[in-house]
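Enquirer: File data_24.cif follows (mmCIF, C-alpha atoms):
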data_target
#
loop_
_atom_site.label_atom_id
_atom_site.label_comp_id
_atom_site.auth_asym_id
_atom_site.auth_seq_id
_atom_site.Cartn_x
_atom_site.Cartn_y
_atom_site.Cartn_z
CA MET H 1 2.46 -16.70 -0.35
CA GLN H 2 5.32 -15.64 -2.61
CA PHE H 3 7.90 -13.01 -1.65
CA ASN H 4 10.01 -10.56 -3.61
CA GLY H 5 13.82 -10.38 -3.74
CA TRP H 6 15.76 -7.14 -4.08
CA ILE H 7 18.77 -6.01 -6.10
CA GLY H 8 20.73 -2.89 -5.18
CA GLU H 9 22.13 -0.19 -7.44
CA LEU H 10 24.81 -2.56 -8.72
CA ALA H 11 26.79 -2.97 -11.90
CA PRO H 12 24.83 -5.12 -14.39
CA GLU H 13 26.97 -8.23 -13.82
CA GLU H 14 26.50 -7.95 -10.04
CA ALA H 15 22.76 -7.43 -10.51
CA VAL H 16 22.66 -10.62 -12.57
CA THR H 17 24.48 -12.52 -9.79
CA GLU H 18 21.90 -11.29 -7.26
CA ALA H 19 18.96 -12.12 -9.55
CA ARG H 20 20.26 -15.65 -10.08
CA ARG H 21 20.76 -16.07 -6.32
CA TRP H 22 17.16 -15.02 -5.61
CA LEU H 23 15.83 -17.21 -8.42
CA LYS H 24 17.80 -20.23 -7.21
CA ALA H 25 16.37 -19.71 -3.72
CA GLY H 26 12.84 -19.83 -5.15
CA PHE H 27 11.92 -16.15 -5.57
CA LYS H 28 9.81 -15.38 -8.65
CA SER H 29 10.21 -11.58 -8.66
CA ALA H 30 12.90 -9.09 -7.70
CA LYS H 31 12.92 -5.35 -7.16
CA ILE H 32 15.83 -3.59 -8.84
CA LYS H 33 16.89 -0.34 -7.18
CA VAL H 34 17.27 2.59 -9.57
CA GLY H 35 18.24 6.23 -9.18
CA SER H 36 21.91 6.32 -10.14
CA GLY H 37 21.25 7.71 -13.62
CA VAL H 38 18.90 6.47 -16.32
CA LYS H 39 21.66 4.97 -18.50
CA ALA H 40 23.13 2.93 -15.61
CA ASP H 41 19.63 1.99 -14.47
CA ARG H 42 18.62 0.88 -17.97
CA ASP H 43 21.75 -1.28 -18.27
CA ARG H 44 21.05 -2.91 -14.88
CA ILE H 45 17.37 -3.48 -15.69
CA GLU H 46 18.20 -4.92 -19.12
CA ALA H 47 20.79 -7.33 -17.69
CA VAL H 48 18.44 -9.04 -15.25
CA PRO H 49 15.74 -10.33 -17.66
CA ALA H 50 18.45 -11.13 -20.21
CA ALA H 51 20.02 -13.45 -17.62
CA VAL H 52 16.95 -15.02 -15.97
CA GLY H 53 14.33 -14.73 -18.71
CA SER H 54 10.68 -14.88 -17.79
CA ALA H 55 11.37 -17.01 -14.70
CA MET H 56 11.65 -13.83 -12.63
CA LYS H 57 9.42 -10.76 -12.93
CA PRO H 58 11.36 -7.47 -12.64
CA ARG H 59 10.23 -4.48 -10.59
CA ILE H 60 12.03 -1.18 -10.05
CA ASP H 61 12.24 1.22 -7.10
CA ALA H 62 13.68 4.75 -7.29
CA ASN H 63 13.25 5.49 -3.57
CA LEU H 64 12.16 9.04 -4.51
CA GLN H 65 15.53 9.77 -6.19
CA TYR H 66 14.03 10.90 -9.51
CA ASP H 67 11.57 13.56 -10.52
CA ALA H 68 8.50 12.52 -12.48
CA ASP H 69 9.96 13.46 -15.87
CA THR H 70 13.10 11.38 -15.30
CA SER H 71 10.99 8.44 -14.14
CA LEU H 72 8.83 8.70 -17.25
CA ARG H 73 11.95 8.79 -19.42
CA LEU H 74 13.29 5.67 -17.67
CA CYS H 75 9.94 3.91 -18.12
CA ARG H 76 10.05 4.54 -21.84
CA MET H 77 13.64 3.23 -22.00
CA VAL H 78 12.76 -0.06 -20.27
CA LYS H 79 9.22 -0.61 -21.55
CA GLN H 80 10.21 -3.79 -23.42
CA PHE H 81 11.22 -5.53 -20.16
CA ASP H 82 7.60 -5.82 -18.95
CA LEU H 83 8.13 -4.42 -15.46
CA GLN H 84 5.57 -5.41 -12.84
CA LEU H 85 5.75 -2.06 -11.07
CA PHE H 86 7.73 1.12 -10.43
CA GLU H 87 7.89 1.98 -6.72
CA GLN H 88 8.39 5.56 -5.51
CA PRO H 89 9.02 7.09 -8.94
CA ALA H 90 8.86 10.71 -7.73
CA HIS H 91 9.08 12.70 -4.52
CA LEU H 92 5.98 12.64 -2.33
CA ARG H 93 5.68 16.44 -2.45
CA ASP H 94 5.80 16.58 -6.26
CA LEU H 95 2.03 16.52 -6.59
CA ALA H 96 1.96 17.65 -10.22
CA GLY H 97 4.54 15.03 -11.17
CA LEU H 98 2.75 12.32 -9.22
CA ALA H 99 -0.52 13.26 -10.92
CA ARG H 100 1.16 12.56 -14.28
CA LEU H 101 2.32 9.20 -12.97
CA ALA H 102 -0.93 8.24 -11.21
CA THR H 103 -2.29 5.58 -13.55
CA ALA H 104 -2.23 2.39 -11.48
CA GLU H 105 -5.73 2.50 -10.01
CA ALA H 106 -7.30 4.00 -13.12
CA ALA H 107 -5.72 1.31 -15.27
CA GLY H 108 -6.87 -1.46 -12.93
CA LEU H 109 -3.34 -2.54 -12.05
CA PRO H 110 -2.86 -4.72 -8.97
CA VAL H 111 -1.70 -3.50 -5.57
CA VAL H 112 1.62 -4.39 -3.98
CA ILE H 113 1.95 -4.86 -0.23
CA GLY H 114 4.86 -2.70 0.94
CA HIS H 115 7.69 -3.83 3.12
CA GLY H 116 9.19 -2.25 6.18
CA PHE H 117 11.54 -3.89 8.57
CA ARG H 118 9.02 -5.41 10.92
CA LEU H 119 9.40 -8.35 13.20
CA ASP H 120 7.36 -11.43 12.43
CA PRO H 121 3.93 -10.34 13.79
CA GLY H 122 3.96 -7.20 11.61
CA THR H 123 5.10 -9.18 8.61
CA LEU H 124 2.42 -11.82 9.18
CA ALA H 125 -0.29 -9.16 9.37
CA LYS H 126 0.74 -7.98 5.89
CA ILE H 127 0.83 -11.56 4.62
CA MET H 128 -2.70 -12.17 5.93
CA LEU H 129 -3.89 -8.97 4.23
CA ALA H 130 -2.37 -10.13 0.95
CA ALA H 131 -3.78 -13.64 1.32
CA THR H 132 -7.30 -12.31 1.73
CA SER H 133 -7.18 -9.62 -0.98
CA ARG H 134 -8.06 -10.23 -4.63
CA ASP H 135 -5.93 -7.57 -6.29
CA VAL H 136 -2.59 -8.01 -4.52
CA LEU H 137 0.35 -8.62 -6.82
CA PRO H 138 2.28 -11.85 -6.07
CA GLY H 139 5.79 -11.29 -4.79
CA LEU H 140 5.16 -9.60 -1.46
CA GLU H 141 7.57 -6.87 -0.41
CA CYS H 142 7.30 -7.71 3.31
CA VAL H 143 10.68 -9.38 3.63
CA GLY H 144 11.51 -8.15 7.14
CA PRO H 145 12.41 -11.65 8.38
CA LEU H 146 15.31 -11.69 5.88
CA LYS H 147 16.62 -8.36 7.14
CA VAL H 148 16.15 -8.36 10.92
CA THR H 149 18.16 -10.47 13.32
CA ASP H 150 15.56 -11.20 15.99
CA THR H 151 11.84 -11.79 16.47
CA VAL H 152 9.30 -11.47 19.24
CA ALA H 153 7.62 -14.71 18.13
CA THR H 154 8.45 -18.10 19.58
CA THR H 155 9.43 -19.33 16.11
CA ARG H 156 11.11 -17.37 13.35
CA LEU H 157 9.48 -17.04 9.93
CA ASP H 158 11.56 -18.67 7.21
CA ILE H 159 10.93 -17.01 3.85
CA SER H 160 14.41 -17.74 2.49
CA SER H 161 12.87 -19.97 -0.22
CA GLY H 162 10.75 -17.11 -1.50
CA SER H 163 7.46 -18.41 -0.16
CA LEU H 164 5.60 -19.23 3.03
CA PRO H 165 2.45 -21.27 3.54
CA LEU H 166 -0.26 -19.68 5.64
CA LEU H 167 0.34 -20.73 9.22
CA PRO H 168 -2.19 -22.88 11.07
CA GLY H 169 -3.70 -21.72 14.32
CA PRO H 170 -5.73 -18.77 15.48
CA GLY H 171 -4.94 -15.17 14.60
CA LEU H 172 -1.64 -14.82 12.80
CA GLY H 173 -0.67 -18.43 13.53
CA ILE H 174 2.26 -17.62 15.83
CA SER H 175 2.83 -17.25 19.56
CA LEU H 176 4.68 -14.35 21.12
CA ASP H 177 7.76 -14.85 23.27
CA GLU H 178 7.05 -13.03 26.55
CA ASN H 179 10.79 -12.71 27.33
CA LYS H 180 11.45 -11.04 23.97
CA LEU H 181 8.49 -8.70 24.48
CA GLU H 182 9.95 -7.66 27.82
CA GLN H 183 13.41 -7.27 26.29
CA TYR H 184 12.14 -4.88 23.61
CA ARG H 185 9.53 -3.07 25.74
CA LEU H 186 10.11 0.68 25.93
CA LYS H 187 10.69 1.68 29.52
#
Could I get this structure in the form of structure tokens?

Expert:
Amino acid sequence: MQFNGWIGELAPEEAVTEARRWLKAGFKSAKIKVGSGVKADRDRIEAVPAAVGSAMKPRIDANLQYDADTSLRLCRMVKQFDLQLFEQPAHLRDLAGLARLATAEAAGLPVVIGHGFRLDPGTLAKIMLAATSRDVLPGLECVGPLKVTDTVATTRLDISSGSLPLLPGPGLGISLDENKLEQYRLK
């Protein structure tokens, strides 16, 4: 399974450095954070494919910072960069705006498995869902093992190369560490 890198709201040259770092590690897609203004976002988005070419598929994520009209304007500005997806383009309560943006299912576009900062069992459950689904976009967003410092599994998932083979064994393919479960149990 392939995973997705991420690039913050950085200056274009810093975004390029991050994209190259992810690509060198083996990641084939990266999510570029947007929301700091469409001009700055466009410059950042343009810089990444210009630096890494088609070796890395760009995605963008506004984290609900834009309204639907601003997101549509940004989409038009970056159309030529062949974005894989635009995550959270408008606020969840902007139903009219979201209705204007709601084209993914109708257009038959693939699904992306979201992230979240889960420990390894939660991440593996998402990986198994993706592995058994036909319409899931490669470049999973479930990169919790790169962002958390501990796990409740006996072995830590290593996705630092941008991919992970499906693990052998029953269930999720890992064993839980009883001591860690006790350590993190709510009392």

Enquirer: Work out how far apart atom CA of H:Leu64 and atom CA of H:Glu87 are and give it in Å to one decimal.

Expert: 8.5 Å

Enquirer: Starting from the displayed file, determine the output of the PyMOL selection byres ((chain H and resi 25-37) around 7) and express the residue list as a list in words.

Expert: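 With the PyMOL selection byres ((chain H and resi 25-37) around 7) on this model, the match is Phe3, Asn4, Gly5, Trp6, Ile7, Gly8, Glu9, Arg21, Trp22, Leu23, Lys24, Val38, Lys39, Ala40, Asp41, Ala55, Met56, Lys57, Pro58, Arg59, Ile60, Asp61, Ala62, Gln65, Tyr66, Gly139, Ser160, Ser161 and Gly162 of chain H.
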
Enquirer: For a test of reading the model, state the distance in Å between atom CA of H:Cys142 and atom CA of H:Arg42, rounded to one decimal.

Expert: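 The value is 25.6 Å.
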
Enquirer: Since I can't run it myself right now, could you work out what the PyMOL selection byres ((chain H and resi 175) around 7) selects here and report it as an mmCIF file with C-alpha atoms, in the coordinates of the input?

Expert:
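This is the output file result27.cif:
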data_model
loop_
_atom_site.group_PDB
_atom_site.id
_atom_site.type_symbol
_atom_site.label_atom_id
_atom_site.label_comp_id
_atom_site.auth_asym_id
_atom_site.auth_seq_id
_atom_site.Cartn_x
_atom_site.Cartn_y
_atom_site.Cartn_z
ATOM 1 C CA ALA H 153 7.620 -14.710 18.130
ATOM 2 C CA THR H 154 8.450 -18.100 19.580
ATOM 3 C CA ILE H 174 2.260 -17.620 15.830
ATOM 4 C CA LEU H 176 4.680 -14.350 21.120
ATOM 5 C CA ASP H 177 7.760 -14.850 23.270
#

Enquirer: Rounded to one decimal place, report the atom CA of H:Thr149-atom CA of H:Glu178 distance in Å.

Expert: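 Distance reported for this atom pair: 17.5 Å.
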
Enquirer: From the set H:Gly171, H:Pro165, H:Gly122, H:Pro49, which residue has the shortest atom-to-atom contact distance to H:Gly144, counting all atoms listed in the file?

Expert: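 Closest residue, counting all atoms listed in the file: H:Gly122.
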
Enquirer: Counting all atoms listed in the file, which of H:Leu167, H:Lys180, H:Asp120, H:Arg76 gets nearest to H:Lys147?

Expert: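 Ranking H:Leu167, H:Lys180, H:Asp120, H:Arg76 by distance to H:Lys147, first place goes to H:Asp120.
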
Enquirer: Rank H:Arg20, H:Val152, H:Val78, H:Leu164 by their smallest atom-to-atom distance to H:Asn179, using only C-alpha atoms, and report the top residue only.

Expert: H:Val152

Enquirer: Looking at H:Ala125, H:Pro89, H:Ser133, H:Arg185, which one is nearest to H:Arg73, with distances taken over all atoms listed in the file?

Expert: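 Using all atoms listed in the file, H:Arg73 sits closest to H:Pro89.
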
Enquirer: Residues proximal to (5.7, 5.7, -18.9) were defined as those with any atom within 12 Å of that point in the file's coordinates, counting only C-alpha atoms. Which are they, as a list in words?

Expert: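 Selection result: Ala68, Asp69, Thr70, Ser71, Leu72, Arg73, Leu74, Cys75, Arg76, Met77, Val78, Lys79, Gln80, Asp82, Leu83, Leu85, Phe86, Pro89, Arg100, Leu101, Ala102, Thr103 and Ala104 of chain H.
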
Enquirer: Spell out the residues picked by the PyMOL selection byres ((chain H and resi 51) around 10) here, as number ranges by chain.

Expert: H: 13, 15-17, 19-20, 46-50, 52-56

Enquirer: Of the candidates H:Ile159, H:Leu181, H:Ile45, H:Val136, which shows the shortest atom-to-atom distance to H:Pro12, using all atoms listed in the file?

Expert: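 For H:Pro12, the nearest of the candidates is H:Ile45.
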
Enquirer: Complete stretch 69-99 of chain H with N, CA and C atoms (output as a PDB file, in the coordinates of the input).

Expert:
ATOM      1  N   ASP H  69       9.526  13.490 -14.474  1.00  0.00           N
ATOM      2  CA  ASP H  69       9.960  13.460 -15.870  1.00  0.00           C
ATOM      3  C   ASP H  69      11.066  12.439 -16.104  1.00  0.00           C
ATOM      4  N   THR H  70      12.020  12.359 -15.170  1.00  0.00           N
ATOM      5  CA  THR H  70      13.100  11.380 -15.300  1.00  0.00           C
ATOM      6  C   THR H  70      12.545   9.964 -15.193  1.00  0.00           C
ATOM      7  N   SER H  71      11.614   9.760 -14.272  1.00  0.00           N
ATOM      8  CA  SER H  71      10.990   8.440 -14.140  1.00  0.00           C
ATOM      9  C   SER H  71      10.244   8.047 -15.404  1.00  0.00           C
ATOM     10  N   LEU H  72       9.525   8.987 -15.991  1.00  0.00           N
ATOM     11  CA  LEU H  72       8.830   8.700 -17.250  1.00  0.00           C
ATOM     12  C   LEU H  72       9.816   8.354 -18.360  1.00  0.00           C
ATOM     13  N   ARG H  73      10.928   9.082 -18.408  1.00  0.00           N
ATOM     14  CA  ARG H  73      11.950   8.790 -19.420  1.00  0.00           C
ATOM     15  C   ARG H  73      12.510   7.375 -19.213  1.00  0.00           C
ATOM     16  N   LEU H  74      12.795   7.020 -17.962  1.00  0.00           N
ATOM     17  CA  LEU H  74      13.290   5.670 -17.670  1.00  0.00           C
ATOM     18  C   LEU H  74      12.252   4.623 -18.064  1.00  0.00           C
ATOM     19  N   CYS H  75      10.995   4.862 -17.758  1.00  0.00           N
ATOM     20  CA  CYS H  75       9.940   3.910 -18.120  1.00  0.00           C
ATOM     21  C   CYS H  75       9.902   3.654 -19.620  1.00  0.00           C
ATOM     22  N   ARG H  76      10.044   4.714 -20.383  1.00  0.00           N
ATOM     23  CA  ARG H  76      10.050   4.540 -21.840  1.00  0.00           C
ATOM     24  C   ARG H  76      11.265   3.733 -22.295  1.00  0.00           C
ATOM     25  N   MET H  77      12.401   3.931 -21.618  1.00  0.00           N
ATOM     26  CA  MET H  77      13.640   3.230 -22.000  1.00  0.00           C
ATOM     27  C   MET H  77      13.576   1.735 -21.692  1.00  0.00           C
ATOM     28  N   VAL H  78      12.779   1.341 -20.702  1.00  0.00           N
ATOM     29  CA  VAL H  78      12.760  -0.060 -20.270  1.00  0.00           C
ATOM     30  C   VAL H  78      11.406  -0.731 -20.510  1.00  0.00           C
ATOM     31  N   LYS H  79      10.576  -0.096 -21.298  1.00  0.00           N
ATOM     32  CA  LYS H  79       9.220  -0.610 -21.550  1.00  0.00           C
ATOM     33  C   LYS H  79       9.222  -2.061 -22.017  1.00  0.00           C
ATOM     34  N   GLN H  80      10.186  -2.438 -22.841  1.00  0.00           N
ATOM     35  CA  GLN H  80      10.210  -3.790 -23.420  1.00  0.00           C
ATOM     36  C   GLN H  80      10.490  -4.887 -22.389  1.00  0.00           C
ATOM     37  N   PHE H  81      10.879  -4.518 -21.162  1.00  0.00           N
ATOM     38  CA  PHE H  81      11.220  -5.530 -20.160  1.00  0.00           C
ATOM     39  C   PHE H  81      10.026  -5.917 -19.287  1.00  0.00           C
ATOM     40  N   ASP H  82       8.840  -5.406 -19.600  1.00  0.00           N
ATOM     41  CA  ASP H  82       7.600  -5.820 -18.950  1.00  0.00           C
ATOM     42  C   ASP H  82       7.695  -5.771 -17.426  1.00  0.00           C
ATOM     43  N   LEU H  83       8.018  -4.596 -16.903  1.00  0.00           N
ATOM     44  CA  LEU H  83       8.130  -4.420 -15.460  1.00  0.00           C
ATOM     45  C   LEU H  83       6.782  -4.614 -14.781  1.00  0.00           C
ATOM     46  N   GLN H  84       6.801  -5.236 -13.607  1.00  0.00           N
ATOM     47  CA  GLN H  84       5.570  -5.410 -12.840  1.00  0.00           C
ATOM     48  C   GLN H  84       5.134  -4.096 -12.202  1.00  0.00           C
ATOM     49  N   LEU H  85       6.092  -3.306 -11.735  1.00  0.00           N
ATOM     50  CA  LEU H  85       5.750  -2.060 -11.070  1.00  0.00           C
ATOM     51  C   LEU H  85       6.963  -1.157 -10.964  1.00  0.00           C
ATOM     52  N   PHE H  86       6.696   0.109 -10.669  1.00  0.00           N
ATOM     53  CA  PHE H  86       7.730   1.120 -10.430  1.00  0.00           C
ATOM     54  C   PHE H  86       7.365   1.769  -9.095  1.00  0.00           C
ATOM     55  N   GLU H  87       8.151   1.472  -8.067  1.00  0.00           N
ATOM     56  CA  GLU H  87       7.890   1.980  -6.720  1.00  0.00           C
ATOM     57  C   GLU H  87       8.574   3.331  -6.512  1.00  0.00           C
ATOM     58  N   GLN H  88       7.892   4.224  -5.868  1.00  0.00           N
ATOM     59  CA  GLN H  88       8.390   5.560  -5.510  1.00  0.00           C
ATOM     60  C   GLN H  88       9.100   6.257  -6.663  1.00  0.00           C
ATOM     61  N   PRO H  89       8.382   6.489  -7.767  1.00  0.00           N
ATOM     62  CA  PRO H  89       9.020   7.090  -8.940  1.00  0.00           C
ATOM     63  C   PRO H  89       9.300   8.575  -8.818  1.00  0.00           C
ATOM     64  N   ALA H  90       8.647   9.263  -7.881  1.00  0.00           N
ATOM     65  CA  ALA H  90       8.860  10.710  -7.730  1.00  0.00           C
ATOM     66  C   ALA H  90       8.677  11.078  -6.261  1.00  0.00           C
ATOM     67  N   HIS H  91       9.174  12.252  -5.906  1.00  0.00           N
ATOM     68  CA  HIS H  91       9.080  12.700  -4.520  1.00  0.00           C
ATOM     69  C   HIS H  91       7.624  12.882  -4.102  1.00  0.00           C
ATOM     70  N   LEU H  92       7.342  12.575  -2.855  1.00  0.00           N
ATOM     71  CA  LEU H  92       5.980  12.640  -2.330  1.00  0.00           C
ATOM     72  C   LEU H  92       5.366  14.038  -2.429  1.00  0.00           C
ATOM     73  N   ARG H  93       6.196  15.064  -2.398  1.00  0.00           N
ATOM     74  CA  ARG H  93       5.680  16.440  -2.450  1.00  0.00           C
ATOM     75  C   ARG H  93       5.520  16.956  -3.883  1.00  0.00           C
ATOM     76  N   ASP H  94       5.929  16.182  -4.859  1.00  0.00           N
ATOM     77  CA  ASP H  94       5.800  16.580  -6.260  1.00  0.00           C
ATOM     78  C   ASP H  94       4.414  16.182  -6.755  1.00  0.00           C
ATOM     79  N   LEU H  95       3.413  16.904  -6.299  1.00  0.00           N
ATOM     80  CA  LEU H  95       2.030  16.520  -6.590  1.00  0.00           C
ATOM     81  C   LEU H  95       1.716  16.570  -8.080  1.00  0.00           C
ATOM     82  N   ALA H  96       2.220  17.571  -8.773  1.00  0.00           N
ATOM     83  CA  ALA H  96       1.960  17.650 -10.220  1.00  0.00           C
ATOM     84  C   ALA H  96       2.613  16.477 -10.938  1.00  0.00           C
ATOM     85  N   GLY H  97       3.846  16.160 -10.556  1.00  0.00           N
ATOM     86  CA  GLY H  97       4.540  15.030 -11.170  1.00  0.00           C
ATOM     87  C   GLY H  97       3.858  13.712 -10.852  1.00  0.00           C
ATOM     88  N   LEU H  98       3.441  13.545  -9.602  1.00  0.00           N
ATOM     89  CA  LEU H  98       2.750  12.320  -9.220  1.00  0.00           C
ATOM     90  C   LEU H  98       1.411  12.188  -9.941  1.00  0.00           C
ATOM     91  N   ALA H  99       0.752  13.303 -10.179  1.00  0.00           N
ATOM     92  CA  ALA H  99      -0.520  13.260 -10.920  1.00  0.00           C
ATOM     93  C   ALA H  99      -0.288  12.718 -12.327  1.00  0.00           C
TER      94      ALA H  99
END
